[in-house]
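Dropping run_2.pdb in here (PDB, C-alpha atoms and all ligand atoms):
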ATOM      1  CA  MET A   1     -32.842   6.120  61.492
ATOM      2  CA  ASP A   2     -35.989   4.009  61.728
ATOM      3  CA  GLU A   3     -34.669   0.702  63.033
ATOM      4  CA  THR A   4     -37.398  -1.499  61.578
ATOM      5  CA  LYS A   5     -36.100  -4.072  59.140
ATOM      6  CA  VAL A   6     -32.440  -3.314  59.669
ATOM      7  CA  PRO A   7     -30.574  -6.114  57.883
ATOM      8  CA  THR A   8     -29.098  -8.755  60.170
ATOM      9  CA  HIS A   9     -25.975  -9.232  58.048
ATOM     10  CA  VAL A  10     -24.303  -6.687  55.757
ATOM     11  CA  ALA A  11     -21.338  -7.513  53.512
ATOM     12  CA  ILE A  12     -19.138  -4.838  51.923
ATOM     13  CA  ILE A  13     -16.633  -4.748  49.080
ATOM     14  CA  MET A  14     -14.561  -1.703  50.057
ATOM     15  CA  ASP A  15     -13.393  -0.640  46.619
ATOM     16  CA  GLY A  16     -11.805   2.533  45.258
ATOM     17  CA  ASN A  17      -8.920   3.240  47.644
ATOM     18  CA  GLY A  18      -6.419   3.352  44.773
ATOM     19  CA  ARG A  19      -8.538   5.694  42.642
ATOM     20  CA  TRP A  20      -9.161   7.965  45.609
ATOM     21  CA  ALA A  21      -5.401   8.193  46.239
ATOM     22  CA  LYS A  22      -4.725   8.917  42.567
ATOM     23  CA  GLU A  23      -7.352  11.676  42.493
ATOM     24  CA  HIS A  24      -5.595  13.281  45.470
ATOM     25  CA  ASN A  25      -2.053  12.762  44.148
ATOM     26  CA  LEU A  26      -1.266  10.447  47.038
ATOM     27  CA  PRO A  27       0.361   6.995  47.151
ATOM     28  CA  ARG A  28      -2.040   4.031  46.933
ATOM     29  CA  ASN A  29      -1.204   3.000  50.494
ATOM     30  CA  GLU A  30      -2.542   6.339  51.724
ATOM     31  CA  GLY A  31      -5.859   5.363  50.083
ATOM     32  CA  HIS A  32      -5.851   2.120  52.067
ATOM     33  CA  ARG A  33      -5.006   4.010  55.266
ATOM     34  CA  ARG A  34      -7.961   6.351  54.711
ATOM     35  CA  GLY A  35     -10.062   3.323  53.841
ATOM     36  CA  THR A  36      -9.231   1.786  57.216
ATOM     37  CA  LYS A  37     -10.559   4.935  58.920
ATOM     38  CA  THR A  38     -13.783   4.620  56.928
ATOM     39  CA  LEU A  39     -14.013   0.994  58.018
ATOM     40  CA  GLU A  40     -13.652   1.933  61.699
ATOM     41  CA  ASN A  41     -16.506   4.453  61.349
ATOM     42  CA  ILE A  42     -18.743   1.959  59.589
ATOM     43  CA  ILE A  43     -18.095  -0.787  62.161
ATOM     44  CA  LYS A  44     -19.085   1.576  65.007
ATOM     45  CA  HIS A  45     -22.172   2.748  63.174
ATOM     46  CA  ALA A  46     -23.276  -0.750  62.141
ATOM     47  CA  ALA A  47     -23.029  -1.891  65.777
ATOM     48  CA  HIS A  48     -24.945   1.209  66.886
ATOM     49  CA  ILE A  49     -27.927   0.639  64.564
ATOM     50  CA  GLY A  50     -28.243  -3.019  65.530
ATOM     51  CA  ILE A  51     -26.638  -4.880  62.648
ATOM     52  CA  GLU A  52     -25.526  -8.267  63.972
ATOM     53  CA  TYR A  53     -22.947  -9.295  61.351
ATOM     54  CA  LEU A  54     -20.691  -7.137  59.195
ATOM     55  CA  THR A  55     -18.396  -8.853  56.681
ATOM     56  CA  VAL A  56     -15.792  -6.862  54.733
ATOM     57  CA  TYR A  57     -13.433  -7.825  51.930
ATOM     58  CA  ALA A  58     -10.056  -6.623  53.241
ATOM     59  CA  PHE A  59      -7.651  -8.729  51.170
ATOM     60  CA  SER A  60      -8.405 -11.264  48.469
ATOM     61  CA  THR A  61      -6.435 -14.350  47.436
ATOM     62  CA  GLU A  62      -5.689 -12.390  44.221
ATOM     63  CA  ASN A  63      -4.354  -9.308  46.040
ATOM     64  CA  TRP A  64      -0.941 -11.009  46.540
ATOM     65  CA  ASN A  65      -0.296 -10.156  42.873
ATOM     66  CA  ARG A  66      -0.196  -6.413  43.643
ATOM     67  CA  PRO A  67       3.184  -4.654  43.953
ATOM     68  CA  GLN A  68       5.099  -5.806  47.014
ATOM     69  CA  SER A  69       5.012  -2.339  48.609
ATOM     70  CA  GLU A  70       1.215  -2.287  48.411
ATOM     71  CA  VAL A  71       0.869  -5.814  49.853
ATOM     72  CA  GLU A  72       3.230  -4.862  52.679
ATOM     73  CA  GLY A  73       1.233  -1.670  53.295
ATOM     74  CA  LEU A  74      -2.018  -3.625  53.594
ATOM     75  CA  ILE A  75      -0.441  -6.160  55.945
ATOM     76  CA  LYS A  76       0.935  -3.332  58.066
ATOM     77  CA  LEU A  77      -2.556  -1.810  58.319
ATOM     78  CA  LEU A  78      -4.022  -5.132  59.377
ATOM     79  CA  ARG A  79      -1.267  -5.604  61.966
ATOM     80  CA  ARG A  80      -1.979  -2.133  63.360
ATOM     81  CA  TYR A  81      -5.728  -2.832  63.405
ATOM     82  CA  LEU A  82      -5.174  -6.090  65.307
ATOM     83  CA  ASP A  83      -2.767  -4.515  67.827
ATOM     84  CA  GLN A  84      -5.160  -1.642  68.511
ATOM     85  CA  HIS A  85      -8.175  -3.881  68.947
ATOM     86  CA  ILE A  86      -6.344  -6.435  71.080
ATOM     87  CA  LYS A  87      -5.668  -3.481  73.437
ATOM     88  CA  LYS A  88      -9.221  -2.136  73.232
ATOM     89  CA  ALA A  89     -10.962  -5.534  73.423
ATOM     90  CA  PRO A  90     -11.894  -5.324  77.134
ATOM     91  CA  SER A  91     -13.906  -2.141  76.522
ATOM     92  CA  GLU A  92     -15.412  -3.073  73.132
ATOM     93  CA  ASP A  93     -18.407  -5.293  72.478
ATOM     94  CA  ILE A  94     -17.293  -6.566  69.060
ATOM     95  CA  ARG A  95     -16.651 -10.187  68.169
ATOM     96  CA  PHE A  96     -13.788 -10.371  65.694
ATOM     97  CA  ASN A  97     -13.733 -13.242  63.233
ATOM     98  CA  ALA A  98     -11.412 -13.759  60.277
ATOM     99  CA  ILE A  99     -12.689 -15.547  57.202
ATOM    100  CA  GLY A 100     -10.381 -16.721  54.450
ATOM    101  CA  ASP A 101      -7.392 -19.006  54.220
ATOM    102  CA  ILE A 102      -5.580 -17.703  57.287
ATOM    103  CA  PHE A 103      -3.514 -20.892  57.599
ATOM    104  CA  SER A 104      -1.872 -20.345  54.226
ATOM    105  CA  SER A 105       1.945 -20.121  54.285
ATOM    106  CA  ASN A 106       1.658 -16.667  52.612
ATOM    107  CA  ILE A 107       0.544 -15.166  55.887
ATOM    108  CA  PRO A 108       3.277 -14.083  58.306
ATOM    109  CA  GLN A 109       3.150 -16.160  61.512
ATOM    110  CA  ASP A 110       2.921 -13.120  63.823
ATOM    111  CA  LEU A 111      -0.106 -11.862  61.892
ATOM    112  CA  ARG A 112      -1.843 -15.236  62.139
ATOM    113  CA  ASP A 113      -1.100 -15.311  65.887
ATOM    114  CA  LYS A 114      -2.622 -11.850  66.346
ATOM    115  CA  ILE A 115      -5.717 -12.832  64.313
ATOM    116  CA  ILE A 116      -6.219 -15.965  66.411
ATOM    117  CA  HIS A 117      -5.594 -14.043  69.637
ATOM    118  CA  LEU A 118      -8.165 -11.324  68.817
ATOM    119  CA  GLN A 119     -10.696 -14.010  67.856
ATOM    120  CA  GLU A 120     -10.085 -15.824  71.119
ATOM    121  CA  ILE A 121     -10.392 -12.810  73.434
ATOM    122  CA  THR A 122     -13.559 -11.517  71.736
ATOM    123  CA  LYS A 123     -15.336 -14.831  71.140
ATOM    124  CA  ASP A 124     -17.909 -14.334  73.938
ATOM    125  CA  LYS A 125     -18.810 -10.747  73.002
ATOM    126  CA  LYS A 126     -22.511 -10.298  72.395
ATOM    127  CA  GLY A 127     -22.366  -7.214  70.143
ATOM    128  CA  LEU A 128     -21.611  -6.982  66.437
ATOM    129  CA  CYS A 129     -19.792  -9.900  64.825
ATOM    130  CA  PHE A 130     -17.171  -8.353  62.569
ATOM    131  CA  ASN A 131     -15.954 -10.758  59.883
ATOM    132  CA  MET A 132     -12.790  -9.659  58.170
ATOM    133  CA  ALA A 133     -12.182 -11.493  54.894
ATOM    134  CA  PHE A 134      -8.419 -11.782  54.665
ATOM    135  CA  ASN A 135      -6.651 -13.936  52.082
ATOM    136  CA  TYR A 136     -10.222 -14.696  51.071
ATOM    137  CA  GLY A 137     -11.478 -16.065  47.762
ATOM    138  CA  GLY A 138     -14.944 -17.543  47.432
ATOM    139  CA  ARG A 139     -13.879 -20.429  45.198
ATOM    140  CA  ASN A 140     -10.966 -21.191  47.519
ATOM    141  CA  GLU A 141     -13.430 -21.240  50.446
ATOM    142  CA  ILE A 142     -15.717 -23.702  48.630
ATOM    143  CA  ILE A 143     -12.806 -26.005  47.809
ATOM    144  CA  ARG A 144     -11.568 -25.906  51.424
ATOM    145  CA  ALA A 145     -15.126 -26.738  52.584
ATOM    146  CA  CYS A 146     -15.283 -29.698  50.148
ATOM    147  CA  LYS A 147     -11.957 -31.017  51.428
ATOM    148  CA  SER A 148     -13.163 -30.814  55.053
ATOM    149  CA  ILE A 149     -16.362 -32.657  54.155
ATOM    150  CA  ILE A 150     -14.421 -35.400  52.359
ATOM    151  CA  ASN A 151     -12.157 -35.693  55.373
ATOM    152  CA  ASP A 152     -15.134 -35.995  57.751
ATOM    153  CA  ILE A 153     -16.721 -38.621  55.508
ATOM    154  CA  LEU A 154     -13.472 -40.627  55.409
ATOM    155  CA  LEU A 155     -13.201 -40.387  59.200
ATOM    156  CA  LYS A 156     -16.866 -41.450  59.377
ATOM    157  CA  HIS A 157     -17.830 -38.319  61.324
ATOM    158  CA  ILE A 158     -20.635 -37.808  58.822
ATOM    159  CA  ASP A 159     -22.336 -39.943  56.210
ATOM    160  CA  ASP A 160     -22.239 -38.710  52.589
ATOM    161  CA  GLU A 161     -26.053 -39.080  52.520
ATOM    162  CA  MET A 162     -26.222 -36.299  55.131
ATOM    163  CA  VAL A 163     -24.581 -33.681  52.883
ATOM    164  CA  ASN A 164     -27.166 -31.134  51.769
ATOM    165  CA  GLU A 165     -27.095 -27.329  51.363
ATOM    166  CA  GLU A 166     -27.561 -26.707  55.064
ATOM    167  CA  VAL A 167     -24.774 -29.097  56.064
ATOM    168  CA  PHE A 168     -22.462 -27.782  53.335
ATOM    169  CA  ALA A 169     -22.920 -24.173  54.504
ATOM    170  CA  LYS A 170     -21.689 -25.147  57.982
ATOM    171  CA  TYR A 171     -18.320 -26.093  56.452
ATOM    172  CA  LEU A 172     -17.828 -22.615  54.972
ATOM    173  CA  ASP A 173     -15.839 -19.986  56.870
ATOM    174  CA  THR A 174     -19.105 -18.249  57.822
ATOM    175  CA  GLY A 175     -20.192 -21.534  59.496
ATOM    176  CA  HIS A 176     -23.289 -21.014  61.583
ATOM    177  CA  GLN A 177     -23.873 -17.397  60.569
ATOM    178  CA  PRO A 178     -26.873 -16.232  58.534
ATOM    179  CA  ASP A 179     -26.208 -15.282  54.894
ATOM    180  CA  PRO A 180     -25.805 -11.549  54.173
ATOM    181  CA  ASP A 181     -29.095  -9.733  53.569
ATOM    182  CA  LEU A 182     -27.355  -6.871  51.820
ATOM    183  CA  MET A 183     -24.072  -6.559  49.896
ATOM    184  CA  ILE A 184     -22.666  -3.082  49.269
ATOM    185  CA  ARG A 185     -19.895  -2.357  46.758
ATOM    186  CA  THR A 186     -18.345   1.069  46.449
ATOM    187  CA  SER A 187     -16.476   2.708  43.536
ATOM    188  CA  GLY A 188     -18.945   2.042  40.727
ATOM    189  CA  GLU A 189     -17.788  -1.488  39.842
ATOM    190  CA  ILE A 190     -20.772  -3.781  39.318
ATOM    191  CA  ARG A 191     -19.494  -7.264  40.090
ATOM    192  CA  THR A 192     -18.921  -9.486  43.099
ATOM    193  CA  SER A 193     -15.264 -10.469  42.463
ATOM    194  CA  ASN A 194     -15.158 -13.897  44.157
ATOM    195  CA  PHE A 195     -16.690 -12.489  47.366
ATOM    196  CA  LEU A 196     -19.019 -14.877  49.237
ATOM    197  CA  PRO A 197     -20.382 -16.626  46.094
ATOM    198  CA  TRP A 198     -22.334 -19.218  48.108
ATOM    199  CA  GLN A 199     -23.607 -16.828  50.790
ATOM    200  CA  LEU A 200     -24.722 -13.965  48.484
ATOM    201  CA  THR A 201     -27.108 -16.119  46.433
ATOM    202  CA  TYR A 202     -30.253 -14.378  47.753
ATOM    203  CA  SER A 203     -28.724 -11.123  49.020
ATOM    204  CA  GLU A 204     -29.805  -7.695  47.854
ATOM    205  CA  PHE A 205     -27.026  -5.792  46.065
ATOM    206  CA  TYR A 206     -26.327  -2.066  46.414
ATOM    207  CA  PHE A 207     -23.740  -0.418  44.181
ATOM    208  CA  THR A 208     -22.552   3.152  44.649
ATOM    209  CA  SER A 209     -20.013   5.200  42.711
ATOM    210  CA  CYS A 210     -18.661   6.643  45.976
ATOM    211  CA  LEU A 211     -15.007   5.666  46.537
ATOM    212  CA  TRP A 212     -14.441   3.765  49.799
ATOM    213  CA  PRO A 213     -12.320   6.420  51.590
ATOM    214  CA  GLU A 214     -15.226   8.855  51.053
ATOM    215  CA  PHE A 215     -17.977   6.457  52.088
ATOM    216  CA  THR A 216     -19.783   7.915  55.111
ATOM    217  CA  VAL A 217     -22.279   6.613  57.659
ATOM    218  CA  GLN A 218     -24.899   8.675  55.780
ATOM    219  CA  GLU A 219     -24.103   6.729  52.598
ATOM    220  CA  PHE A 220     -24.318   3.525  54.590
ATOM    221  CA  ASP A 221     -27.763   4.535  55.888
ATOM    222  CA  MET A 222     -28.853   5.269  52.298
ATOM    223  CA  ALA A 223     -27.968   1.690  51.398
ATOM    224  CA  ILE A 224     -29.923   0.402  54.396
ATOM    225  CA  ASP A 225     -32.933   2.564  53.420
ATOM    226  CA  GLU A 226     -32.804   1.215  49.880
ATOM    227  CA  TYR A 227     -32.626  -2.338  51.278
ATOM    228  CA  ARG A 228     -35.708  -1.667  53.403
ATOM    229  CA  ARG A 229     -37.646  -0.687  50.293
ATOM    230  CA  ARG A 230     -36.753  -3.909  48.460
ATOM    231  CA  LYS A 231     -39.128  -6.832  48.400
ATOM    232  CA  ARG A 232     -37.283 -10.091  48.943
ATOM    233  CA  ARG A 233     -38.887 -13.160  47.437
ATOM    234  CA  PHE A 234     -36.251 -15.912  47.791
ATOM    235  CA  GLY A 235     -37.520 -17.549  44.597
ATOM    236  CA  ASN A 236     -41.196 -17.393  45.655
ATOM    237  CA  SER A 237     -43.830 -15.615  43.571
ATOM    238  CA  GLU A 238     -44.976 -13.187  46.342
TER     239      GLU A 238
HETATM  240  C1  LIG B 301      -9.847  -2.159  46.917
HETATM  241  O1  LIG B 301      -9.452  -0.894  46.481
HETATM  242  C2  LIG B 301      -9.465  -2.298  48.299
HETATM  243  C3  LIG B 301      -8.589  -3.215  48.762
HETATM  244  C4  LIG B 301      -7.883  -4.200  47.904
HETATM  245  C5  LIG B 301      -8.220  -3.256  50.173
HETATM  246  C6  LIG B 301      -9.306  -2.835  51.107
HETATM  247  C7  LIG B 301      -8.703  -2.637  52.401
HETATM  248  C8  LIG B 301      -8.996  -1.648  53.269
HETATM  249  C9  LIG B 301     -10.058  -0.649  53.115
HETATM  250  C10 LIG B 301      -8.245  -1.578  54.514
HETATM  251  C11 LIG B 301      -8.591  -2.795  55.281
HETATM  252  C12 LIG B 301      -8.368  -2.662  56.653
HETATM  253  C13 LIG B 301      -7.557  -3.429  57.322
HETATM  254  C14 LIG B 301      -7.543  -3.249  58.757
HETATM  255  C15 LIG B 301      -6.680  -4.414  56.654
HETATM  256  P1  LIG B 301      -8.440  -0.796  45.263
HETATM  257  O2  LIG B 301      -7.080  -0.638  45.832
HETATM  258  O3  LIG B 301      -8.621  -1.975  44.364
HETATM  259  O4  LIG B 301      -8.946   0.510  44.602
HETATM  260  P2  LIG B 301      -8.907   0.847  43.048
HETATM  261  O5  LIG B 301      -9.833  -0.139  42.384
HETATM  262  O6  LIG B 301      -9.424   2.240  43.006
HETATM  263  O7  LIG B 301      -7.484   0.723  42.586
END
Represent the supplied structure as C-alpha cells.
Amino acid sequence: MDETKVPTHVAIIMDGNGRWAKEHNLPRNEGHRRGTKTLENIIKHAAHIGIEYLTVYAFSTENWNRPQSEVEGLIKLLRRYLDQHIKKAPSEDIRFNAIGDIFSSNIPQDLRDKIIHLQEITKDKKGLCFNMAFNYGGRNEIIRACKSIINDILLKHIDDEMVNEEVFAKYLDTGHQPDPDLMIRTSGEIRTSNFLPWQLTYSEFYFTSCLWPEFTVQEFDMAIDEYRRRKRRFGNSE
C-alpha cells in the first residue's frame, strides 16, 4: 500500500462476533475467539504499515450485563492474550496500554496484575502503541477525569483557571496520545456506543457491514484508502 497519509491513530469497534457465530451455528464465545484472531492479524498489519496507535473496544462497562458464560469467555480470552504477550514481549515491538476503569472491583485481581505487568514490560517499546479498551465507557472515562481534576485542584497541584480542553484531555485514559484520525466499526451498526466520545470529535468514521471475525487486512486497507481520500477540515472552511 502507498504509505503516504497513513493515519497516526486508528480506533476500532470490533462488532459482529455474536452474529458471525449464529450464522455458523456456533456458540457466541467461538465468535469472540475468532474475533481475537482477527485482532491479532490487524495489530500486526497496523504496526507493519506504520500506524502509531491502535485502540480497540474489547469490553465495555455495559458488557457486564451479558450472560455470565459470555463474560467469563471474554475474560478468559483476555487472560490468554495477556499471558501470551507477556511471554512474547521481549521479541515484540508493541507497547501495550489498557484504557478503561481497570481498577474497578469487577475486574479479577489476577487479570489486573497481568494488565499492569504487560504495560510495565512494554512501556519503552518504540513500535505500535496498542490501546485495549477494557471495562471502558466514554462517559465513565470523562467522569473519572473530572474527579482527578477536582482532586488536583483541591491538592493545589493545578489552578482551576488552568483547565482548558488541552489540559482536560491529559486527564483522560488516552493522556498524551493524539486523538484517533479514523474510527472503524464493523457489522453494519452506525453508532459509536460510548466509545471515545471526547477523542472522536474530529475523527473520520468508516462503517462496514463485514462482521469482525471476517474482517481482513484487505478490508482494513480499504478503510485506510477511504480515509486518505477524505478531506479533513477540523471546523475550518478549506
Ligand atoms: C461485539 O460483538 C464484540 C465484543 C463485545 C467483544 C469484542 C472482543 C473481541 C473481538 C475479543 C477481544 C480480545 C481480547 C483479547 C479480549 P457482539 O458480541 O456484540 O456481536 P453481535 O452484535 O453480533 O452480537
So which residues touch segment 145-158 of chain A within 12 Å, counting all atoms listed in the file, skipping near sequence neighbours fewer than 2 positions away, as a JSON list (two decimals) with C-alpha atoms, in the coordinates of the input?
[["chain", "number", "residue", "atom", "x", "y", "z"],
["A", 100, "GLY", "CA", -10.38, -16.72, 54.45],
["A", 101, "ASP", "CA", -7.39, -19.01, 54.22],
["A", 138, "GLY", "CA", -14.94, -17.54, 47.43],
["A", 139, "ARG", "CA", -13.88, -20.43, 45.20],
["A", 140, "ASN", "CA", -10.97, -21.19, 47.52],
["A", 141, "GLU", "CA", -13.43, -21.24, 50.45],
["A", 142, "ILE", "CA", -15.72, -23.70, 48.63],
["A", 143, "ILE", "CA", -12.81, -26.00, 47.81],
["A", 160, "ASP", "CA", -22.24, -38.71, 52.59],
["A", 161, "GLU", "CA", -26.05, -39.08, 52.52],
["A", 162, "MET", "CA", -26.22, -36.30, 55.13],
["A", 163, "VAL", "CA", -24.58, -33.68, 52.88],
["A", 164, "ASN", "CA", -27.17, -31.13, 51.77],
["A", 167, "VAL", "CA", -24.77, -29.10, 56.06],
["A", 168, "PHE", "CA", -22.46, -27.78, 53.34],
["A", 169, "ALA", "CA", -22.92, -24.17, 54.50],
["A", 170, "LYS", "CA", -21.69, -25.15, 57.98],
["A", 171, "TYR", "CA", -18.32, -26.09, 56.45],
["A", 172, "LEU", "CA", -17.83, -22.62, 54.97],
["A", 173, "ASP", "CA", -15.84, -19.99, 56.87],
["A", 174, "THR", "CA", -19.10, -18.25, 57.82],
["A", 175, "GLY", "CA", -20.19, -21.53, 59.50],
["A", 198, "TRP", "CA", -22.33, -19.22, 48.11]]
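As for atom C10 of ligand LIG 301 (chain B) and atom CA of Gly35 of chain A, they are spaced 5.3 Å apart.
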Once you count all atoms listed in the file, which residues end up within 8 Å of ligand LIG 301 (chain B), and could you hand them over as number ranges by chain? A: 13-21, 28, 31-36, 38-39, 57-60, 63, 74-82, 134, 187, 211-213
Can you write out as CSV which residues of segment 57-173 of chain A fall within 9 Å of segment 40-50 of chain A, alongside each residue's closest atom pair and its distance in Å to one decimal, counting only C-alpha atoms and ordering rows by chain and ascending residue number?
residue,atom,partner,partner_atom,distance
A:Asp93,CA,A:Ala47,CA,8.8
A:Ile94,CA,A:Ala47,CA,8.1
A:Gly127,CA,A:Ala47,CA,6.9
A:Leu128,CA,A:Ala47,CA,5.3
A:Cys129,CA,A:Ala47,CA,8.7
A:Phe130,CA,A:Ile43,CA,7.6
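Computed from the coordinates, the atom CA of Thr216 of chain A to atom CA of Leu54 of chain A distance equals 15.6 Å.
Take the candidates A:Gln218, A:Asn29, A:Gln119, A:Ser237 and check each one against Arg66 of chain A using all atoms listed in the file; the shortest distance goes to A:Asn29.
For the pair atom CA of Arg112 of chain A and atom CA of Asn135 of chain A, the separation is 11.2 Å.
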Residue IDs satisfying the PyMOL selection byres (((chain A and resi 193) around 9) and not hetatm), as a list in words: Ile13, Gly137, Gly138, Arg191, Thr192, Asn194, Phe195, Leu196 and Pro197 of chain A
Residues within 7 Å of Ser203 of chain A, please, as a CSV table (one decimal) with C-alpha atoms, in the frame of the given file. Count only C-alpha atoms; anything in the same chain fewer than 4 positions from it doesn't count.
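Produced file part11.csv, reproduced below:
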chain,number,residue,atom,x,y,z
A,180,PRO,CA,-25.8,-11.5,54.2
A,181,ASP,CA,-29.1,-9.7,53.6
A,182,LEU,CA,-27.4,-6.9,51.8
A,183,MET,CA,-24.1,-6.6,49.9
The centre and edge lengths of an axis-aligned box containing all atoms of segment 207-221 of chain A present in the file, extended by 5 Å on each side, are to be given in Å to one decimal, as AutoDock Vina command-line options.
--center_x -20.0 --center_y 4.2 --center_z 50.2 --size_x 25.4 --size_y 19.3 --size_z 24.9
